[in-house]
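Novice: What follows is a structure written as structure tokens; I'll ask about it next.
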Amino acid sequence: MILAHPEEEFLVEEISERQKNERSVARLRLLWAQRSLLFRISVCGLILSTVIAFLIPTRYTSQTRLMPPDKESNSGLAAAAAALTGGGGSGGSLGGMALGLLGLSSTSDIFVGILSSRTAEDALIQKFDLRKVYSDRRMEDARRDLAEHTGIDVDRKSQIITIAVTDRSPQRAAAMGEAYVEELDRLVAELSTSSARRERIFLEGRLQSVTQDLETAEKNFSQFASKNTAIDVPAQGKAMVDAAATLQGQLIAAQSELDGLKQIYTDSNVRVRSVTARVAELRNQLNKLVGKGETGVGEPGQEGESAYPSIRKLPLLGVTYADLYRQNKVQEAVYETLTQEYELAKVQEAKEIPTVKVLDRADVPDKKSFPPHLLIMILGTALAFSIGVTWVFANAAWEATDRSDPRKMFAQEVFETVGAELRRVSRKGSRQPADAKIPGHLGEVQDQTRDEK
């Protein structure tokens, strides 16, 4: 093996470097010589990219930022996550299990999962008729387009959730951002299965049943009291005993007075007859009050019956009255207790259910987010310039190639064949059929010219 001399290697490298520099300079000279062509191509690219940039529909982005859920609401969020995944349970174990099932690292990710759910997307699609807006016939296509126009991110340090909605209408973009927040709040409250919520649901059903029982007891009690004129049996009994004692005393006094008058006057005397009538009336009223001769509970308003129950009826009415009164009071006590428990359960449920706290509400954007006109114009101009440079180099390489090169000959043959075919097609399309009828004198002139030929 023969080793090259170090000086020879140095000379070879120097020659190679010189050739590279010469080729670079030659390329630069070629570009400089074609600078007018490159300038025209770049201007055309700039104009075309400007037209394209302003023809692209303008879009606006509205952002909404949500605060992370409170720590007190983690159990409710875990329950919502369990509801989404079909899990059960409560408390811290449920939170860890639900987060593990969802593959989430924080409770803010549960909000993101709910916002990205099919239920939330379908609600927005129906509310804003997005199938018509996106020109989609199927719900799946509308969901995909909605996901492409919506960005939901979580800041891992602050756990703040950002909802960015992009749309051609700035008002609709802001309205969709608000709708996302409303749907999130509704779904979280609906999916929460905390212990306070289950207690509230149980108390709500129990309260409805107790309300019906209380209404029935009040109705029975009122019907009984109205039928028997039993407003308050104990009070009525005491009052009637006092009234009977008073009547009894008046009757005794009147009887004594009558006996005294009979010793002085005859029975036909006016005073004797008056006192006799008063004694009879007092005895009649006392009999009604006491209920002398009664065997059961009569109907008020009947002949010989008082408007109020007699003393003899009160013990019979008292048993039924006390029973109905006790049932009414028991139902009232149960109703009051359940009402208090129900209100406490509602307060506790409100504490456990996570609330959506909006940090930045969705505003109507006044600046477009797409397309970037300047960037499109710059990229279009750069692309046109690159195409021009490529054309200049390719044309120079084509001219430098020997005409006897088989590759060049084949390329020329292909170009000539394609060009001839295109010209033939264009002439055939522009040529008018011979049998076409031309109205008026022009048709006659054409027929005469054809005959002469």
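Every chain in the structure tokens takes a letter, A first, then B, and so on in the order presented; its residues are numbered from 1, and the ligands are numbered from 1 following the presented order.
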Can you list, as a list of chain:residue names, every protein, DNA or RNA residue that comes within 12 Å of range 397-400 of chain A when you count only C-alpha atoms, leaving out same-chain residues fewer than 5 positions away?
Specialist: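 Final neighbour list, sorted by chain and number: A:Arg27, A:Leu30, A:Thr390, A:Trp391, A:Val392, A:Asp405, A:Arg407, A:Lys408, A:Met409, A:Ala411, A:Gln412.
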Novice: I need the strand (DSSP E) residues of range 99-229 of chain A per DSSP on the backbone, written as a PyMOL selection string.
Specialist: chain A and resi 150-154+161-167
Novice: Produce a file of the selected residues containing N, CA and C atoms, as a JSON list (two decimals), in the first residue's frame.
Specialist:
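Below is the file that was written, part09.json:
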```json
[["chain", "number", "residue", "atom", "x", "y", "z"],
["A", 150, "THR", "N", -62.00, 24.19, 19.71],
["A", 150, "THR", "CA", -61.97, 24.43, 21.16],
["A", 150, "THR", "C", -60.65, 23.91, 21.73],
["A", 151, "GLY", "N", -60.05, 24.72, 22.55],
["A", 151, "GLY", "CA", -58.83, 24.32, 23.25],
["A", 151, "GLY", "C", -59.02, 24.44, 24.76],
["A", 152, "ILE", "N", -58.78, 23.34, 25.47],
["A", 152, "ILE", "CA", -58.94, 23.31, 26.93],
["A", 152, "ILE", "C", -57.62, 22.87, 27.53],
["A", 153, "ASP", "N", -57.00, 23.74, 28.32],
["A", 153, "ASP", "CA", -55.69, 23.47, 28.90],
["A", 153, "ASP", "C", -55.72, 23.76, 30.40],
["A", 154, "VAL", "N", -54.78, 23.13, 31.11],
["A", 154, "VAL", "CA", -54.64, 23.32, 32.56],
["A", 154, "VAL", "C", -53.20, 23.73, 32.86],
["A", 161, "ILE", "N", -57.75, 26.61, 34.74],
["A", 161, "ILE", "CA", -58.24, 26.01, 33.50],
["A", 161, "ILE", "C", -58.54, 27.12, 32.50],
["A", 162, "THR", "N", -58.07, 26.94, 31.28],
["A", 162, "THR", "CA", -58.30, 27.91, 30.20],
["A", 162, "THR", "C", -59.12, 27.25, 29.10],
["A", 163, "ILE", "N", -60.23, 27.89, 28.74],
["A", 163, "ILE", "CA", -61.10, 27.41, 27.66],
["A", 163, "ILE", "C", -61.03, 28.45, 26.54],
["A", 164, "ALA", "N", -60.48, 28.05, 25.39],
["A", 164, "ALA", "CA", -60.36, 28.94, 24.23],
["A", 164, "ALA", "C", -61.26, 28.42, 23.12],
["A", 165, "VAL", "N", -62.21, 29.24, 22.70],
["A", 165, "VAL", "CA", -63.15, 28.88, 21.64],
["A", 165, "VAL", "C", -62.90, 29.78, 20.44],
["A", 166, "THR", "N", -62.68, 29.16, 19.28],
["A", 166, "THR", "CA", -62.41, 29.90, 18.04],
["A", 166, "THR", "C", -63.60, 29.76, 17.11],
["A", 167, "ASP", "N", -64.03, 30.90, 16.55],
["A", 167, "ASP", "CA", -65.18, 30.89, 15.65],
["A", 167, "ASP", "C", -65.09, 32.10, 14.72]]
```
Novice: So, with only C-alpha atoms as the atoms that count, which of A:Glu140, A:Ala225, A:Glu341, A:Ile114 lies closest to Leu207 in chain A?
Specialist: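 Checking each candidate against Leu207 in chain A, we get A:Glu341 as the closest.
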Novice: For a quick check of understanding, using only C-alpha atoms, which of A:Gln126, A:Ser426, A:Gln263, A:Thr61 has the smallest distance to Ala179 in chain A?
Specialist: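 Once distances to Ala179 in chain A are computed over only C-alpha atoms, the minimum belongs to A:Gln126.
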Novice: Mind pulling up the distance from CA of Ala350 in chain A to CA of Ala333 in chain A?
Specialist: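 If I compute the distance from CA of Ala333 in chain A to CA of Ala350 in chain A, I get 26.1 Å.
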Novice: Using the chain letters and numbers from this document, which residues of range 12-70 of chain A does DSSP assign to helix (DSSP H, G or I), as a ChimeraX atom specification?
Specialist: /A:12-33,35-55
Novice: By how many Å are CA of Ala217 in chain A and CA of Lys329 in chain A apart?
Specialist: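 These two atoms are separated by 9.0 Å.
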Novice: Which value, in Å to one decimal, gives the distance between CA of Cys44 in chain A and CA of Leu422 in chain A?
Specialist: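 Distance reported for this atom pair: 25.5 Å.
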